[in-house]
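Read the structure below first, then the notes.
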Amino acid sequence: MKRFIELKHIGPRTQVRKLIDELLDRLEHKVRHFSPDAVSAHVLFEENGTRTLFRASVTCHVPRRMVAAHEEQRDPGAAIRQAFKEVERQLEKQDTMERQRHRRKRAVRTQREQWGMALVLVIGAGLGFGEGWAPLCRAEDGTGGQEQPAALSAEAQELIKGLDSEDGYLRQKAFIRLEALREPATAAVVRRYLASRDVSTRAFSVRALAAIEGVASIPTLMERARREKPRVRVTALLALEPLAAQEPALVPFFIGKLRDRNAEVRMAAVDIVSRLDDPRAREALNVRWRRERHRDVRRILERLFKPPSEDQS
């Protein structure tokens with residue numbers, strides 16, 4: 001620690017300097033976690049002869065901050081000790097705040113890592129969509145196989161009532177059960193909730209619509225994946241993935257979402273594109289790897305796709 005001691009109008013300086021050096025040694029011990037060259041302390045001690053008061057000023061510079069204390073007393077030793085005590089108190093307070101800030105950052109980082117892993121697992125599992133989508137049941141008669149309007153089942157009617165529940169859990173449960181029923185007649189009802197003010201409700205409706213309408217929902221889902229909140233865009237992408245085999249145009253669409261402005265959407269797109277059996281997919285991931293700067297997206301790229309080394313490219 002760099003030391004600067006300035007004494008003004010002081011008689012016997014030896015004892016004063018000795019006390020200041022001892023207190024500086026103690027202060028240096030408290031800031032030992034910093035580089036010695038990055039820490040400095042400036043001590044100014046003077047006597048005001050008019051009122052016989054002793055004034056001590058201690059200033060300590062550490063990386064990214066500075067603390068200072070000023071004390072004036074009739075006892076010179078008390079003035080010096082009190083000034084140093086105040087500087088130490090401020091340093092301890094700031095160290096505590098810094099540790100809390102680092103703990104919060106670690107907690108956020110851990111949460112992001114857990115979210116990244118959870119996203120990988122959830123995406124890999126297809127959000128419960130299964131290996132494929134069962135074809136929609138069609139009511140056909142002798143009129144050329146045209147779809148006939150179907151009446152809502154009693155169970156579907158009951159579930160539709162739950163879509164307006166104030167309880168978010170019950171609302172989500174109703175959407176998921178409608179998704180499992182896949183009654184074509186419920187599609188029109190589910191579509192109404194695409195305009196909900198609640199982001200979660202819009203995300204649930206996107207997922208349910210994909211399950212109920214299948215290929216017919218592709219234009220709506222693609223639009224939602226372009227012009228929605230990140231959570232809804234992610235849900236729309238995941239809902240579109242099982243339909244890629246039936247709609248080749250989805251492959252360039254997924255690749256395009258690797259450039260989405262939101263990191264969570266790019267994470268979902270990276271995982272989907274890594275599973276596409278298409279030469280364009282691998283090249284797109286290579287490009288994303290070279291350009292990606294977001295830490296969490298790069299972590300997903302490392303887990304799901306290992307780009308070739310420079311000497312192989």
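Quick note on naming: the chains in the structure tokens go A, B, ... in the order shown, residues restart at 1 in each chain, and ligands are numbered from 1 in order of appearance.
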Next on the checklist: Show me, as a ChimeraX atom specification, the residues that have an atom within 12 Å of Val251 (chain A) when counting only C-alpha atoms, minus same-chain residues fewer than 6 positions from it.
Outcome noted: /A:222,237,240-245,257-258,269,272-282,284
Item to check | Test item: residues at most 7 Å from region 57-70 of chain A, only C-alpha atoms, excluding those fewer than 5 positions along its chain, as an NGL selection string | outcome: :A and (38-45 or 83-84 or 86-87 or 90)
Checklist entry - Near Leu19 (chain A), within 12 Å and counting only C-alpha atoms, which residues show up once chain neighbours fewer than 3 positions away are dropped, as a count of residues only? => result 19
Next on the checklist: Need the shell around Arg233 (chain A): protein/DNA/RNA residues with any atom at most 12 Å away, counting only C-alpha atoms. Skip same-chain ones fewer than 6 positions apart. Format as a PyMOL selection string?
Outcome noted: chain A and resi 199-200+202-204+206-207+220-227+239-240+254+257+260-269
Could you save those same residues with C-alpha atoms as a PDB file, in the first residue's frame?
```pdb
ATOM      1  CA  VAL A 199     -48.115 -13.644 -21.698  1.00  0.00           C
ATOM      2  CA  SER A 200     -48.460 -17.048 -20.014  1.00  0.00           C
ATOM      3  CA  ARG A 202     -50.743 -16.653 -24.920  1.00  0.00           C
ATOM      4  CA  ALA A 203     -47.936 -19.186 -24.559  1.00  0.00           C
ATOM      5  CA  PHE A 204     -50.347 -21.907 -23.360  1.00  0.00           C
ATOM      6  CA  VAL A 206     -49.916 -21.386 -28.817  1.00  0.00           C
ATOM      7  CA  ARG A 207     -48.882 -24.787 -27.536  1.00  0.00           C
ATOM      8  CA  THR A 220     -50.091 -18.806 -36.937  1.00  0.00           C
ATOM      9  CA  LEU A 221     -47.202 -20.303 -35.003  1.00  0.00           C
ATOM     10  CA  MET A 222     -44.616 -18.839 -37.385  1.00  0.00           C
ATOM     11  CA  GLU A 223     -46.179 -15.412 -36.962  1.00  0.00           C
ATOM     12  CA  ARG A 224     -46.106 -15.789 -33.177  1.00  0.00           C
ATOM     13  CA  ALA A 225     -42.465 -16.867 -33.307  1.00  0.00           C
ATOM     14  CA  ARG A 226     -41.671 -13.618 -35.145  1.00  0.00           C
ATOM     15  CA  ARG A 227     -43.754 -11.006 -33.340  1.00  0.00           C
ATOM     16  CA  ALA A 239     -44.458 -26.366 -30.977  1.00  0.00           C
ATOM     17  CA  LEU A 240     -43.325 -26.057 -34.607  1.00  0.00           C
ATOM     18  CA  PHE A 254     -35.603 -22.336 -37.638  1.00  0.00           C
ATOM     19  CA  LYS A 257     -34.287 -17.782 -35.567  1.00  0.00           C
ATOM     20  CA  ASP A 260     -33.242 -13.714 -32.966  1.00  0.00           C
ATOM     21  CA  ARG A 261     -32.582 -10.643 -30.824  1.00  0.00           C
ATOM     22  CA  ASN A 262     -33.410 -12.532 -27.620  1.00  0.00           C
ATOM     23  CA  ALA A 263     -30.906 -14.978 -26.118  1.00  0.00           C
ATOM     24  CA  GLU A 264     -33.533 -17.430 -24.814  1.00  0.00           C
ATOM     25  CA  VAL A 265     -35.098 -17.673 -28.266  1.00  0.00           C
ATOM     26  CA  ARG A 266     -31.661 -18.271 -29.801  1.00  0.00           C
ATOM     27  CA  MET A 267     -31.026 -21.000 -27.223  1.00  0.00           C
ATOM     28  CA  ALA A 268     -34.215 -22.778 -28.256  1.00  0.00           C
ATOM     29  CA  ALA A 269     -33.379 -22.332 -31.956  1.00  0.00           C
TER      30      ALA A 269
END
```
Checklist entry - What does the distance from CA of Thr201 (chain A) to CA of Leu181 (chain A) come to in Å, to one decimal? => result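 For CA of Thr201 (chain A) relative to CA of Leu181 (chain A), the distance reads 18.2 Å.
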Item to check | Contacts of Ile212 (chain A) within 8 Å, only C-alpha atoms, excl. fewer than 5 positions in-chain, as a list in words | outcome: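 Once the adjacent positions are removed, what remains is Leu136, Glu179, Leu181, Arg182, Glu183, Pro184, Thr186 and Ala187 of chain A.
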Checklist entry - Mind pulling up the distance from CA of Val270 (chain A) to CA of Arg299 (chain A)? => result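 Taking CA of Arg299 (chain A) and CA of Val270 (chain A), their separation equals 10.7 Å.
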Item to check | Residue neighbourhood Gly162 (chain A), 10 Å, only C-alpha atoms, exclusion window fewer than 4 positions, as a list in words | outcome: Ala156, Gln157, Glu158, Glu166, Asp167, Gly168, Tyr169, Leu170, Arg171, Gln172, Lys173, Ala174 and Phe175 of chain A
Item to check | Closest of A:Asp271, A:Glu247, A:Asp198, A:Glu98 to Ile218 (chain A) - atom-to-atom distances counting only C-alpha atoms | outcome: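 So, comparing all the options, the nearest one is A:Glu247.
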Region 3-116 of chain A: which residues are helix (DSSP H, G or I) by DSSP, as a PDB file with C-alpha atoms, in the first residue's frame?
```
ATOM      1  CA  ARG A  13       6.465  14.304  15.553  1.00  0.00           C
ATOM      2  CA  THR A  14       8.103  10.970  16.434  1.00  0.00           C
ATOM      3  CA  GLN A  15       5.231   9.645  18.562  1.00  0.00           C
ATOM      4  CA  VAL A  16       2.604  10.923  16.139  1.00  0.00           C
ATOM      5  CA  ARG A  17       4.299   9.282  13.140  1.00  0.00           C
ATOM      6  CA  LYS A  18       4.731   6.035  15.088  1.00  0.00           C
ATOM      7  CA  LEU A  19       1.011   5.931  15.919  1.00  0.00           C
ATOM      8  CA  ILE A  20       0.058   6.705  12.304  1.00  0.00           C
ATOM      9  CA  ASP A  21       2.405   3.969  11.006  1.00  0.00           C
ATOM     10  CA  GLU A  22       0.855   1.423  13.387  1.00  0.00           C
ATOM     11  CA  LEU A  23      -2.646   2.350  12.285  1.00  0.00           C
ATOM     12  CA  LEU A  24      -1.593   2.250   8.617  1.00  0.00           C
ATOM     13  CA  ASP A  25      -0.194  -1.272   9.171  1.00  0.00           C
ATOM     14  CA  ARG A  26      -3.569  -2.307  10.544  1.00  0.00           C
ATOM     15  CA  LEU A  27      -5.387  -0.645   7.644  1.00  0.00           C
ATOM     16  CA  GLU A  28      -3.082  -2.336   5.139  1.00  0.00           C
ATOM     17  CA  HIS A  29      -3.926  -5.704   6.651  1.00  0.00           C
ATOM     18  CA  LYS A  30      -7.630  -5.023   6.119  1.00  0.00           C
ATOM     19  CA  PRO A  36      -0.538  -3.385  -3.054  1.00  0.00           C
ATOM     20  CA  ASP A  37       0.037  -1.072  -6.014  1.00  0.00           C
ATOM     21  CA  ALA A  38      -3.708  -0.450  -6.332  1.00  0.00           C
ATOM     22  CA  PRO A  76      -4.201  14.170  19.243  1.00  0.00           C
ATOM     23  CA  GLY A  77      -4.135  10.408  19.684  1.00  0.00           C
ATOM     24  CA  ALA A  78      -7.918  10.200  19.921  1.00  0.00           C
ATOM     25  CA  ALA A  79      -8.337  12.303  16.772  1.00  0.00           C
ATOM     26  CA  ILE A  80      -6.020  10.036  14.764  1.00  0.00           C
ATOM     27  CA  ARG A  81      -7.514   6.784  16.075  1.00  0.00           C
ATOM     28  CA  GLN A  82     -11.091   7.940  15.509  1.00  0.00           C
ATOM     29  CA  ALA A  83     -10.348   8.960  11.911  1.00  0.00           C
ATOM     30  CA  PHE A  84      -8.774   5.581  11.141  1.00  0.00           C
ATOM     31  CA  LYS A  85     -11.639   3.790  12.876  1.00  0.00           C
ATOM     32  CA  GLU A  86     -14.156   5.550  10.643  1.00  0.00           C
ATOM     33  CA  VAL A  87     -12.196   4.662   7.492  1.00  0.00           C
ATOM     34  CA  GLU A  88     -12.067   1.006   8.558  1.00  0.00           C
ATOM     35  CA  ARG A  89     -15.816   1.052   9.239  1.00  0.00           C
ATOM     36  CA  GLN A  90     -16.536   2.401   5.757  1.00  0.00           C
ATOM     37  CA  LEU A  91     -14.244  -0.156   4.126  1.00  0.00           C
ATOM     38  CA  GLU A  92     -15.909  -3.030   6.000  1.00  0.00           C
ATOM     39  CA  LYS A  93     -19.349  -1.749   5.014  1.00  0.00           C
ATOM     40  CA  GLN A  94     -18.360  -1.518   1.348  1.00  0.00           C
ATOM     41  CA  ASP A  95     -16.735  -4.955   1.460  1.00  0.00           C
ATOM     42  CA  THR A  96     -19.964  -6.382   2.860  1.00  0.00           C
ATOM     43  CA  MET A  97     -21.967  -4.740   0.073  1.00  0.00           C
ATOM     44  CA  GLU A  98     -19.497  -6.034  -2.503  1.00  0.00           C
ATOM     45  CA  ARG A  99     -19.771  -9.590  -1.167  1.00  0.00           C
ATOM     46  CA  GLN A 100     -23.551  -9.378  -1.264  1.00  0.00           C
ATOM     47  CA  ARG A 101     -23.393  -8.114  -4.840  1.00  0.00           C
ATOM     48  CA  HIS A 102     -21.140 -11.034  -5.828  1.00  0.00           C
ATOM     49  CA  ARG A 103     -23.470 -13.488  -4.096  1.00  0.00           C
ATOM     50  CA  ARG A 104     -26.407 -12.095  -6.038  1.00  0.00           C
ATOM     51  CA  LYS A 105     -24.447 -12.342  -9.283  1.00  0.00           C
ATOM     52  CA  ARG A 106     -23.492 -15.952  -8.493  1.00  0.00           C
ATOM     53  CA  ALA A 107     -27.120 -16.744  -7.677  1.00  0.00           C
ATOM     54  CA  VAL A 108     -28.268 -15.240 -10.979  1.00  0.00           C
ATOM     55  CA  ARG A 109     -25.518 -17.075 -12.870  1.00  0.00           C
ATOM     56  CA  THR A 110     -26.437 -20.365 -11.185  1.00  0.00           C
ATOM     57  CA  GLN A 111     -30.099 -19.786 -11.972  1.00  0.00           C
ATOM     58  CA  ARG A 112     -29.242 -19.113 -15.609  1.00  0.00           C
ATOM     59  CA  GLU A 113     -27.143 -22.269 -15.786  1.00  0.00           C
ATOM     60  CA  GLN A 114     -29.968 -24.279 -14.253  1.00  0.00           C
ATOM     61  CA  TRP A 115     -32.410 -22.680 -16.699  1.00  0.00           C
ATOM     62  CA  GLY A 116     -30.046 -23.538 -19.544  1.00  0.00           C
TER      63      GLY A 116
END
```
Next on the checklist: One decimal, in Å: what's the spacing between CA of Glu46 (chain A) and CA of Val31 (chain A)?
Outcome noted: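 About the pair CA of Glu46 (chain A) and CA of Val31 (chain A): they are 25.8 Å apart.
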